[in-house]
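Just below is one structure, and these are the notes that go with it.
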Amino acid sequence: MGNMNVTVCVKQIPDPAAPQSLEPSTNTLDRSGKLILDDSDAYGVEMALQLVDKAGGGEVTLVSMAPNGEVAGLRTALAMGAAKAVLVSDDALKGSDALGTAKVLAAAIKRTEFDLVLAATESSDGYTGTVPVQIAELLGLPSITFAKSVTIDGSTVKVDRQTEAGYDEVTAPLPAVVTVTAGVVEPRYPSFKGIMAAKSKPVDQVTVADLGLSAGEVGAAGSGQTIFAVTDAEARAAGEIVVDEGDGAQRIVSFLEGLKVI
Amino acid sequence: MAINKILVLVELTESGPTATSLELLTAARSLATTVEAISWGPGVAAAAGTVGEYGATTLHDAGDLGSALPGVPVAGAIAGVASGFDAILIPTSYDGRDIAGRLSAKLNVPVLTNITGLGEDGGLTTEHPVFGGAKIVKAKFTGAGLQIFVIRAKSFAAEPAGGAAAAVSAVAVPEAGATGTATIVSRHVEERTGPKLDEAAVVVSGGRGLGSADNYSWINDLAKLLNGAAGASRAIVDAGWVPYSHQVGQTGKTVKPTVYLACGISGATQHLVGMKGSKNIIAINKDQEAPIFTVADLGIVGDVNKVVPALIEALKGR
């Protein structure tokens with residue numbers, strides 16, 4: 001039996017189902033309320049648990065950053081079965097751009113033991129979509145993005161990678177960074193036992209200084225970009241909304257005829 | 001500071017530059033004095049005519065990368081020619097995002113992504129839709145160095161300018177060590193009937209309201225009858241009903257068809273941002289309060305499991 005350690009990048013985000021707003025001072029997303037585990041990250045956590053299980057030994061470690069010491073989302077992933085977490089929490093992180101985030105997470109990942117780093121293709125809130133690859137470059141590792149499936153064969157990771165035309169089978173030697181698309185595995189629901197166990201699993205809270213980074217490299221101070229305006233988008237003209245009285249399909253046919261689509 | 005030189009990442013298919021690449025060349029032309037392009041693969045020389053026609057004077061050729069995944073080698077090639085350029089425009093695509101991430105970390109410069117508009121105010125400014133496209137945030141870079149812009153499909157109309165063929169100039173791909181070890185073992189083309197999702201004149205999308213994965217066959221049937229493409233909401237991609245390649249929205253594709261037909265999709269902000277630029281939007285949903293109706297030109301408040309089969313029958317009978 002082998003041994004496989006997987007570090008998973010997870011993000012705690014404002015509940016996408018709740019109303020959202022921008023912070024007036026920075027025009028960035030207001031993250032001051034309750035945060036939850038990003039749905040997108042549940043796939044990486046599940047994939048990691050399955051890979052460790054298949055290897056017959058090893059651990060799943062979570063890595064995350066949050067400005068306010070939030071752990072609610074991490075507890076969800078720990079309840080699914082991850083063994084422990086590193087949370088980088090520091091006021092200096094507020095306003096970090098993608099590269100600043102990648103620097104912090106790369107430094108945090110270095111504190112973990114890993115054969116593989118997993119992440120979602122992008123977060124559901126900021127959705128920059130570059131952080132995992134930036135992490136790979138900073139760590140000097142190969143990366144394979146948009147994985148539809150992930151298997152481990154000895155010291156090689158094999159990925160079916162989404163392409164415009166279909167998919168490519170791509171391999172890389174471990175250690176490597178892989179990003180998974182949503183829906184690739186079915187994330188397990190935490191069991192009651194898992195939820196109870198998660199409460200006592202270790203969450204190592206570290207600061208920017210602990211990681212050997214300077215405050216000027218991260219957060220708003222290290223960000224090389226600024227949002228200078230927010231405007232309302234052009235609204236669409238109100239349409240015709242009708243209750244189906246058995247004539248719904250016919251109304252659509254007439255509408256399509258009017259457009260000469262049929 | 002006026003914008004002097006822009007480099008555009010051009011992605012190629014067997015039939016030449018992708019639509020988004022040509023959109024970016026068109027945008028670059030309107031913003032900078034000099035536009036150059038960079039590409040890779042066996043077809044670069046053959047694309048010089050088209051790339052020149054859309055405004056680039058030079059086409060940097062990173063060559064045939066063989067079985068290497070493009071992110072690392074192309075970012076390395078760009079870093080080699082980047083000096084002298086104010087900005088690089090990169091399409092939002094699988095490889096484009098890899099290249100942008102690698103380049104950003106390699107050069108230690110920030111990157112702006114999911115851009116749907118560009119402007120000029122001293123330097124380049126960007127537009128990004130937020131909250132389902134209800135609001136637009138405008139951003140710009142504050143530091144020095146190459147500015148990396150990753151731009152979504154269909155943000156600009158592509159228009160040729162009638163320029164001469166671009167001069168092809170070979171660029172070296174530096175040795176990448178461990179980072180460059182991702183290798184494409186085999187390529188699989190999935191059979192597709194009908195037009196591509198992001199190029200179709202009609203897009204029919206399904207969501208949770210369909211009730212089950214099996215009922216997605218109605219979406220395929222409707223798409224076929226309307227000579228369109230089949231799309232999906234994130235909810236049913238997450239649920240594993242259909243593959244990610246069908247997803248329309250923030251984390252999926254941006255579509256702007258003549259007709260977008262949303263079946264059983266509530267219209268979360270995640271979805272709206274990817275389709276609200278469609279010319280005509282038809283929505284079927286049982287919940288009158290569903291946000292999808294705020295962007296619909298024709299909204300049918302009803303059971304998608306009744307309306308859609310009836311629509312299929314009506315179209316079959318024509």
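Naming works like this for the structure tokens: A, B, ... for the chains as they're shown, residue 1 at the start of each chain, ligands 1 onward in shown order.
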Quick one: residues within 8 Å of Val35 in chain B, only C-alpha atoms counted, chain neighbours fewer than 3 positions away excluded, as an MDAnalysis selection string? chainID B and resid 5:8 25 28:29 32 55:58
Show me, as an MDAnalysis selection string, every residue of chain A with an atom at most 6 Å from chain B, counting only C-alpha atoms. chainID A and resid 99 128 130 133:134 137 140:142 165:172 182:183 224:233 239:244 249
What does the distance between CA of Ser217 in chain B and CA of Leu197 in chain B come to in Å, to one decimal place? 16.2 Å
Go through range 14-65 of chain A and collect every residue that DSSP, computed from the backbone, puts in strand (DSSP E or B); the answer should be as an mmCIF file with C-alpha atoms, in the first residue's frame.
```cif
data_model
loop_
_atom_site.group_PDB
_atom_site.id
_atom_site.type_symbol
_atom_site.label_atom_id
_atom_site.label_comp_id
_atom_site.auth_asym_id
_atom_site.auth_seq_id
_atom_site.Cartn_x
_atom_site.Cartn_y
_atom_site.Cartn_z
ATOM 1 C CA PRO A 14 -19.967 35.005 1.508
ATOM 2 C CA LEU A 22 -19.440 46.084 -2.430
ATOM 3 C CA LEU A 29 -16.817 42.358 -2.359
ATOM 4 C CA LEU A 35 -18.454 32.921 5.350
ATOM 5 C CA ILE A 36 -19.079 29.388 4.076
ATOM 6 C CA LEU A 37 -17.022 26.810 2.180
ATOM 7 C CA VAL A 60 -5.658 15.591 3.283
ATOM 8 C CA THR A 61 -4.536 19.024 4.497
ATOM 9 C CA LEU A 62 -6.493 22.216 3.817
ATOM 10 C CA VAL A 63 -4.879 25.563 3.084
ATOM 11 C CA SER A 64 -6.897 28.766 3.175
ATOM 12 C CA MET A 65 -6.603 32.476 3.770
#
```
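Going from CA of Ser214 in chain A to CA of Ala92 in chain A covers 9.5 Å.
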Identify, with DSSP run on backbone atoms, the residues in range 52-216 of chain A assigned to alpha helix (DSSP H), and express the list as a ChimeraX atom specification. /A:52-55,72-80,98-110,131-139,192-198
Contact residues around Ala102 in chain A with only C-alpha atoms at 8 Å, ignoring same-chain residues under 5 positions, as a VMD selection string: chain A and resid 131 to 132 134 to 135 138
Kindly save the residues from that selection, with C-alpha atoms included, as a PDB file, in the first residue's frame.
```
ATOM      1  CA  VAL A 131      -4.402  31.613  -8.522  1.00  0.00           C
ATOM      2  CA  PRO A 132      -3.687  27.849  -8.782  1.00  0.00           C
ATOM      3  CA  GLN A 134       0.344  31.254 -10.118  1.00  0.00           C
ATOM      4  CA  ILE A 135       0.895  29.008  -7.065  1.00  0.00           C
ATOM      5  CA  LEU A 138       5.827  30.165  -7.438  1.00  0.00           C
TER       6      LEU A 138
END
```
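Here CA of Leu213 in chain A is placed at a distance of 16.8 Å from CA of Thr112 in chain A.
Each of A:Ala42, A:Leu49, A:Met80, A:Ala55 was compared to Phe192 in chain A using only C-alpha atoms, and A:Met80 turns out to be the nearest.
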All residues 9 Å or closer to range 3-7 of chain A, only C-alpha atoms, same chain fewer than 6 positions away omitted, as a PyMOL selection string: chain A and resi 45+48-49+51-63+109+112-119
